[in-house]
Protein chains: 6
Amino acid sequence: MDEIGVRRPPTALLALARAALQEDVGRGDITSLVTVTEEAGARARFVAREELVVSGLEAARAVFYEAGGEEISFAALAGEGERLAAGSVLAEVEGPARPSLAAERVALNLLMRLSGIATLTSRYVEAVEGTGARISDTRKTTPGLRLLEKAAVKAGGGANHRAGLDDGVLIKDNHLALAGGVTEAVRRARENSPHLLKIEVEVESLGMLEEAIEAGADAVLLDNMTLEEVGEAVGLVRKEAPGLLVEVSGGINLRTVRSYAEAGPDLVSVGALTHSAPAADVSLEVEPC
Amino acid sequence: MDEIGVRRPPTALLALARAALQEDVGRGDITSLVTVTEEAGARARFVAREELVVSGLEAARAVFYEAGGEEISFAALAGEGERLAAGSVLAEVEGPARPSLAAERVALNLLMRLSGIATLTSRYVEAVEGTGARISDTRKTTPGLRLLEKAAVKAGGGANHRAGLDDGVLIKDNHLALAGGVTEAVRRARENSPHLLKIEVEVESLGMLEEAIEAGADAVLLDNMTLEEVGEAVGLVRKEAPGLLVEVSGGINLRTVRSYAEAGPDLVSVGALTHSAPAADVSLEVEPC
Amino acid sequence: MDEIGVRRPPTALLALARAALQEDVGRGDITSLVTVTEEAGARARFVAREELVVSGLEAARAVFYEAGGEEISFAALAGEGERLAAGSVLAEVEGPARPSLAAERVALNLLMRLSGIATLTSRYVEAVEGTGARISDTRKTTPGLRLLEKAAVKAGGGANHRAGLDDGVLIKDNHLALAGGVTEAVRRARENSPHLLKIEVEVESLGMLEEAIEAGADAVLLDNMTLEEVGEAVGLVRKEAPGLLVEVSGGINLRTVRSYAEAGPDLVSVGALTHSAPAADVSLEVEPC
Amino acid sequence: MDEIGVRRPPTALLALARAALQEDVGRGDITSLVTVTEEAGARARFVAREELVVSGLEAARAVFYEAGGEEISFAALAGEGERLAAGSVLAEVEGPARPSLAAERVALNLLMRLSGIATLTSRYVEAVEGTGARISDTRKTTPGLRLLEKAAVKAGGGANHRAGLDDGVLIKDNHLALAGGVTEAVRRARENSPHLLKIEVEVESLGMLEEAIEAGADAVLLDNMTLEEVGEAVGLVRKEAPGLLVEVSGGINLRTVRSYAEAGPDLVSVGALTHSAPAADVSLEVEPC
Amino acid sequence: MDEIGVRRPPTALLALARAALQEDVGRGDITSLVTVTEEAGARARFVAREELVVSGLEAARAVFYEAGGEEISFAALAGEGERLAAGSVLAEVEGPARPSLAAERVALNLLMRLSGIATLTSRYVEAVEGTGARISDTRKTTPGLRLLEKAAVKAGGGANHRAGLDDGVLIKDNHLALAGGVTEAVRRARENSPHLLKIEVEVESLGMLEEAIEAGADAVLLDNMTLEEVGEAVGLVRKEAPGLLVEVSGGINLRTVRSYAEAGPDLVSVGALTHSAPAADVSLEVEPC
Amino acid sequence: MDEIGVRRPPTALLALARAALQEDVGRGDITSLVTVTEEAGARARFVAREELVVSGLEAARAVFYEAGGEEISFAALAGEGERLAAGSVLAEVEGPARPSLAAERVALNLLMRLSGIATLTSRYVEAVEGTGARISDTRKTTPGLRLLEKAAVKAGGGANHRAGLDDGVLIKDNHLALAGGVTEAVRRARENSPHLLKIEVEVESLGMLEEAIEAGADAVLLDNMTLEEVGEAVGLVRKEAPGLLVEVSGGINLRTVRSYAEAGPDLVSVGALTHSAPAADVSLEVEPC
């Protein structure tokens with residue numbers, strides 16, 4: 001639990017909050033300005049209206065800080081990644097009514113989206129429990145929210161793949177087509193990339209997999225393979241290149257994920273974690289104080 | 001269809017594209033830099049992998065323009081709001097391979113999200129067809145993407161509610177609690193808000209509705225009422241205050257929306273249009289050229 | 001009166017102050033740096049050198065906060081909208097001399113301009129006292145200072161018209177020419193604008209006024225009409241469309257404003273409030289401390 | 001006359017235009033969007049409604065460029081600093097109607113203010129014609145518009161004083177109080193300021209003037225002196241320190257400026273040029289095309 | 001060689017150029033404004049005044065583009081990484097004189113610094129020729145210029161280490177002290193870092209090296225070891241962990257670098273490449289045209 | 001010595017620190033995040049590893065403040081411009097380990113560069129001691145760091161030349177070529193530049209010097225003259241134009257600077273102070289706490 005009090009949130013979160021508030025508030029929260037007095041105070045509670053895994057409370061806190069500075073206190077009553085039952089209180093806010101009301105919608109928009117991602121991720125993670133495979137996100141995130149959404153995946157128990165195009169080499173079908181095949185692409189990458197980045201290759205067949213192993217890839221992404229192919233591919237890797245990391249991806253959903261995980265890969269990556277998670281249902285209950 | 005060629009996209013879209021690219025590309029698209037030559041060209045097609053309603057092509061175009069300037073051409077093959085069958089091509093891109101590959105993911109992230117919203121909206125719009133009620137969005141949008149998401153709702157046939165807190169007075173339960181009731185809140189709003197803004201009041205009972213009518217509200221939002229209550233409320237308004245706009249909201253979904261629409265309101269607003277629309281499935285197929 | 005002490009001003013005011021200081025200070029206040037020691041302190045008083053209505057003290061406070069942080073205290077001795085006699089003290093500042101001197105001119109530039117607007121507005125408001133008409137501003141404000149100038153108009157007793165092009169529909173002569181007349185323009189607006197925005201039409205004759213009433217406009221702007229025409233127009237509206245708001249505008253000055261107000265409109269809007277108000281005369285008297 | 005065509009305005013003007021448009025347009029020019037079709041074109045002329053001296057056409061051009069890019073042409077029909085009779089056309093604009101209408105008010109707000117300053121300055125310049133004294137501006141400019149307003153003063157025939165606190169040393173009464181007098185202040189300045197900046201001292205008496213001459217000031221500002229004192233001071237300088245620049249300032253207006261100029265100073269500086277110039281009356285006449 | 005003509009430089013370079021120009025030009029290049037007419041044109045040549053390896057021409061080009069837009073042409077006459085003799089021409093610029101003169105110093109400041117880095121790097125690279133070791137940069141770069149300086153190292157034949165703290169795990173002495181030793185630190189890193197990042201450990205003794213090998217590090221940095229120790233360490237690695245990358249660092253200079261390289265590491269990293277390279281001597285010769 | 005505690009650094013330094021941290025930290029300091037616990041604290045000392053003159057502690061402080069806010073204390077143990085022996089401690093930092101480690105490299109990069117400049121400057125200053133000439137910097141600074149580097153020159157005992165192109169008129173060879181000679185260029189400058197800026201002319205021969213004196217220049221820059229020519233030039237000035245400031249420049253180094261200074265100029269300006277100063281050797285020693 002957060003101490004009851006006020007700390008300045010990190011600069012990057014404040015910048016996000018500022019842009020989001022500017023987008024929503026525009027030239028002013030007219031309704032609050034004309035119906036609520038400047039002196040009025042409010043106490044508000046974020047309440048889960050369904051079971052959920054929490055993510056985004058730090059972002060919500062930044063929104064209130066940006067809106068009202070040190071005059072609004074924000075107390076988190078749950079931790080990042082905590083699973084809450086319907087009816088639980090996530091956080092309490094207290095301070096002047098006007099900035100609190102102006103910040104409400106933006107804070108909820110962030111909290112609901114991020115908790116939605118954490119909650120969906122946790123379902124995938126549960127689905128593969130015991131298989132040894134980890135659930136990973138992708139770069140299919142909302143523009144502007146990547147780091148928050150990746151943190152939400154982590155809160156849900158998932159692993160994070162690359163944060164962007166600059167912290168890992170992932171050679172995909174399009175690169176292969178343009179580079180002239182797996183062997184040449186891996187050779188170029190080995191020669192030119194910074195020495196602390198691993199090289200992963202997307203393969204669509206056992207033949208390509210063998211070529212990737214041969215070329216010295218550090219990891220392979222089995223893309224859109226059938227379950228049988230995945231099984232064979234994992235077997236091949238474990239036998240021929242035991243240190244190689246194996247990732248599976250492509251159209252995997254909650255019903256099929258366990259089968260893929262049982263085929264033995266290290267990672268199963270799922271775009272839907274971030275591009276199609278429904279918002280978690282959270283409301284803000286306000287009372288005068 | 002867009003002319004095949006290059007126009008500079010609006011400044012605001014370019015700024016969004018720039019921030020999104022910076023978030024994804026970071027210090028450089030290393031994989032493309034090390035595997036693809038500077039001279040390589042690419043031709044790519046955005047292909048719908050399921051039936052969808054298009055939105056976001058202008059945003060996708062801005063991403064490619066920001067990444068590659070006038071050297072990348074972007075030809076839209078479908079219009080905003082057009083319904084496409086699975087397999088249809090939304091747009092074609094052609095230019096140097098490196099910036100095209102660097103822009104791919106960001107463009108897809110925008111296009112899939114916005115087309116997802118347009119597609120979901122169109123389902124709600126179809127569901128209420130013939131009832132006279134319009135489907136409206138809310139302020140439950142993604143921080144940073146409000147105007148694009150509201151345009152996607154429009155592309156799907158929906159209506160736009162307030163763009164922010166400054167272009168309409170909407171007195172909600174929290175304002176009522178702090179202002180001391182409907183009558184006083186409407187009076188204050190009438191006295192202090194700019195004269196071109198209408199005043200809408202959220203009501204939860206027939207009693208509050210009558211008070212809102214009496215106070216001279218311009219519109220009412222029936223929040224979380226049962227179907228029966230909505231019916232009665234609409235009847236009351238049509239009789240006593242024929243010019244009053246009636247909006248219904250609260251936990252309405254695709255199965256229930258028609259019943260609410262048939263109860264006679266002017267607008268049914270649905271938060272899920274923007275906060276829980278699954279991404280539309282679109283892929284980018286690249287070939288050397 | 002403000003508490004003697006230091007609060008962080010709103011982010012938007014600080015951003016304005018920062019830009020203004022950067023414009024004036026550039027790479028440093030050389031004169032103060034070379035003639036005043038780092039340890040020197042200063043106490044300064046803003047003094048009205050003529051009768052004025054105060055506006056802009058919050059902006060002035062932000063300038064000193066931005067220049068000197070919490071080391072400079074700023075105590076407002078008058079309230080926004082208060083009328084002061086010549087010789088009155090508006091505020092007192094105390095802190096390190098160097099940043100105080102660097103901030104002086106920018107703070108005065110804001111305070112003098114905004115108090116000038118409030119003072120001029122108050123003259124118009126007095127001129128129409130008792131007529132029932134309100135004095136309103138326009139969008140003829142200084143680029144970059146709109147919200148502050150509109151607050152100054154309010155401080156002077158005036159009403160605020162639209163804050164921008166997005167919080168109201170105001171169909172002017174140019175739109176009418178392009179849309180093909182009042183009836184068609186209002187019809188299009190009714191169909192496409194967000195439902196919480198009212199529709200105002202600028203009319204130049206009784207014929208256009210009747211067309212606007214017929215078309216269902218929510219408000220009309222009588223532009224550049226003679227006194228007689230305004231009288232007739234108001235009569236027509238009160239009889240045929242009692243709920244319709246009537247605004248008068250066009251070349252109205254302090255000598256003529258009362259006659260127009262007596263003709264019965266709801267609002268008289270005056271561009272000169274913001275585009276031609278002479279600065280109020282305020283000086284800053286500094287002493288070592 | 002400007003060539004009829006389109007050049008990209010300087011970056012700084014575009015940034016100003018962008019901020020000003022964002023302030024005015026907000027989330028969109030709704031009226032134009034809902035009443036004017038996307039295809040409609042417009043031709044518009046800026047017309048002087050009173051005699052004026054032109055300034056600000058480059059700024060106006062930047063506003064249209066920022067709003068509509070290369071699709072809007074802007075042809076200046078008058079030059080910076082040109083005097084025009086009422087009824088003259090300053091510039092013509094042609095392009096798509098929507099962005100042209102959205103840009104109209106911002107362009108006018110800049111053009112009217114800047115031409116107002118140029119026009120007022122020209123009156124002061126005419127008033128002192130033949131005396132050998134130049135009219136100079138001050139730092140009493142609008143926050144955000146300094147460089148444009150100083151250019152307007154130049155357009156009106158005036159001279160520019162310091163652009164900010166960093167391009168000249170001007171020791172004022174407040175610095176003297178804190179530094180302990182003229183001699184010490186000039187000594188400190190001489191020792192510590194960059195060698196290409198001159199040192200000017202504000203003096204309020206002949207005694208201070210003698211001290212400033214003795215101390216080796218490069219220029220003196222005679223502040224709030226009577227006409228007689230100014231005459232004596234100028235005489236003293238011409239005799240004892242012929243290279244010294246003499247500036248006069250303080251409550252000088254159009255009626256008194258010639259007398260001060262005839263007393264022989266090099267410069268008469270007038271704050272009102274920028275802080276109290278009424279806007280020049282310019283209108284934009286639009287027609288479909 | 002660059003085509004003679006004008007292309008828009010990448011956004012990031014333009015932003016750097018804009019900030020640098022703003023820093024240098026401030027409110028205007030007064031000297032050029034007052035001594036050179038607006039119509040004057042200039043042709044200028046960047047000339048090497050000593051032997052050097054070229055880097056930074058793209059940055060110089062961006063400066064001229066930012067200053068003068070498409071009116072200034074910039075033709076590179078040498079390629080990034082090319083070695084030029086004293087007297088060679090690097091590039092030619094032609095366009096309006098005023099913006100060309102305003103851009104001169106900033107362009108030279110970038111070009112001289114970056115070519116200085118490339119030139120110094122090339123000396124280190126030559127010094128180790130044939131040893132199999134590569135020369136690498138560090139994060140000891142100039143704030144704001146990292147990517148350009150790393151490109152300059154590459155132009156000089158060197159390799160790039162991490163671009164920042166997020167694209168590689170490098171566990172240094174400070175991390176070890178806080179984590180409680182090599183084994184625990186590597187274990188934590190293995191468990192928590194994204195799977196495409198390698199893990200490098202800084203070791204100061206053979207004991208630590210053995211621990212790092214045992215813990216499964218992907219690379220080791222031998223810091224401040226003597227030549228003998230480096231030799232032993234390399235031997236140990238080649239025998240026990242053949243795939244492990246070995247980097248040497250710490251107080252290595254041009255006289256000592258070959259000995260270290262001959263001891264057999266994969267990389268020798270040198271902070272001085274970027275923190276202490278003297279500027280290459282380049283001048284800009286201008287003539288009217 | 002700085003008080004042990006925390007003050008908010010100036011806005012401009014914080015902005016610089018923020019940009020520098022963003023460049024280095026990117027999406028996060030992964031190594032610290034994965035190896036060091038959130039609770040861990042650290043105490044660190046900046047230690048001089050060679051004799052140096054201190055500059056940049058305020059900048060280093062801003063980096064830690066930006067990274068860790070008020071939770072990191074920074075105590076300067078030396079003053080700007082102080083000369084320290086090898087082994088001395090410049091400053092102590094204490095706070096949470098993670099942000100402290102993330103800030104380390106950026107703070108060192110600034111401190112080492114700026115102290116390097118101060119140290120080199122102090123050598124030049126010592127070299128000319130007793131000659132009456134001052135050592136001055138130029139505009140050959142690092143883009144983005146001009147004000148800090150000029151402060152470092154001052155810390156080393158040097159004088160600051162123009163801060164940019166707007167705070168002094170310096171007519172160089174290129175301006176002369178374009179303006180048609182010294183006489184015409186000075187005449188134009190005299191007529192058009194703000195009255196508080198002096199006019200300096202770069203001359204390459206005694207003939208040009210005489211022309212500059214005749215034309216009424218305030219200062220001359222003797223560029224690339226031989227020692228004999230400088231001597232003659234100074235003699236000429238002292239005789240014919242005693243108030244004229246004389247600056248010498250061009251290829252002067254530590255071995256030759258004293259001879260030039262003894263020839264009698266007021267200033268000797270040296271580009272190498274800022275473009276080629278090697279970094280001062282400073283390390284940060286961290287321990288858990």
# chains A, B, ... in the order shown; residues from 1 in each chain; ligands from 1

$ closest_atom_pairs --of "chain C" --to "chain B" --cutoff "12 Å" --atoms "only C-alpha atoms" --output "Markdown table"
| residue | atom | partner | partner_atom | distance |
| --- | --- | --- | --- | --- |
| C:Arg134 | CA | B:His195 | CA | 11.2 |
| C:Ser136 | CA | B:Pro194 | CA | 9.9 |
| C:Asp137 | CA | B:Pro194 | CA | 10.9 |
| C:Thr138 | CA | B:Pro194 | CA | 11.8 |
| C:Lys150 | CA | B:Pro194 | CA | 11.4 |
| C:Lys154 | CA | B:Asn192 | CA | 10.5 |
| C:Gly158 | CA | B:Asn192 | CA | 11.2 |
| C:Ala159 | CA | B:Pro194 | CA | 7.6 |
| C:Asn160 | CA | B:Pro194 | CA | 6.0 |
| C:His161 | CA | B:Pro194 | CA | 5.9 |
| C:Arg162 | CA | B:Pro194 | CA | 6.7 |
| C:Ala163 | CA | B:Pro194 | CA | 8.5 |
| C:Gly164 | CA | B:Asp167 | CA | 9.9 |
| C:Leu165 | CA | B:Asp167 | CA | 10.3 |
| C:Asp166 | CA | B:Asp167 | CA | 7.1 |
| C:Asp167 | CA | B:Asp167 | CA | 4.7 |
| C:Gly168 | CA | B:Leu196 | CA | 5.3 |
| C:Val169 | CA | B:Leu196 | CA | 7.5 |
| C:Leu170 | CA | B:Leu196 | CA | 8.7 |
| C:Glu191 | CA | B:Ala159 | CA | 10.2 |
| C:Asn192 | CA | B:Ala159 | CA | 8.5 |
| C:Ser193 | CA | B:Asn160 | CA | 8.4 |
| C:Pro194 | CA | B:His161 | CA | 5.9 |
| C:His195 | CA | B:His161 | CA | 6.9 |
| C:Leu196 | CA | B:Lys198 | CA | 4.8 |
| C:Leu197 | CA | B:Leu197 | CA | 5.1 |
| C:Lys198 | CA | B:Leu196 | CA | 4.9 |
| C:Ile199 | CA | B:Leu196 | CA | 7.1 |
| C:Glu200 | CA | B:Leu196 | CA | 7.6 |
| C:Val201 | CA | B:Leu196 | CA | 11.3 |
| C:Gly216 | CA | B:Gly243 | CA | 11.2 |
| C:Ala217 | CA | B:Leu196 | CA | 11.1 |
| C:Asp218 | CA | B:Leu196 | CA | 8.3 |
| C:Ala219 | CA | B:Leu196 | CA | 8.0 |
| C:Val220 | CA | B:Leu196 | CA | 10.8 |
| C:Leu221 | CA | B:Leu196 | CA | 11.9 |
| C:Gly243 | CA | B:Gly216 | CA | 11.3 |
| C:Leu244 | CA | B:His195 | CA | 11.1 |
| C:Leu245 | CA | B:His195 | CA | 8.3 |
| C:Val246 | CA | B:His195 | CA | 10.5 |
| C:Glu247 | CA | B:His195 | CA | 10.3 |
| C:Asp266 | CA | B:His195 | CA | 10.1 |
| C:Leu267 | CA | B:His195 | CA | 9.6 |

$ residues_around --residues "region 274-278 of chain E" --least-positions-apart "3" --cutoff "6 Å" --atoms "only C-alpha atoms" --output "list in words"
Gly116, Ile117, Lys140 and Thr141 of chain E; Ser276, Pro278 and Ala279 of chain F

$ select_by_dssp --residues "region 175-221 of chain F" --states "strand (DSSP E or B)" --output "VMD selection string"
chain F and resid 197 199 to 203 219 to 221

$ atom_distance --atom1 "CA of Cys289 (chain F)" --atom2 "CA of Ala40 (chain F)"
7.6 Å

$ atom_distance --atom1 "CA of Arg98 (chain A)" --atom2 "CA of Ala118 (chain C)"
25.2 Å

$ residues_around --residues "Ala261 (chain F)" --least-positions-apart "4" --cutoff "9 Å" --atoms "only C-alpha atoms" --output "JSON, numbers by chain"
{"F": [128, 131, 132, 133, 134, 135, 248, 256, 257, 265, 266, 267, 268]}

$ residues_around --residues "Gly251 (chain B)" --least-positions-apart "2" --cutoff "12 Å" --atoms "only C-alpha atoms" --output "list in words"
Arg49 and Asp281 of chain A; Leu222, Asp223, Asn224, Met225, Thr226, Leu227, Val248, Ser249, Asn253, Leu254, Arg255, Thr256, Val257, Tyr260, Val268, Ser269, Val270, Gly271, Ala272 and Leu273 of chain B

$ select_by_dssp --residues "region 126-209 of chain D" --states "helix (DSSP H, G or I)" --output "PyMOL selection string"
chain D and resi 126-127+146-155+173-179+182-192+206-209
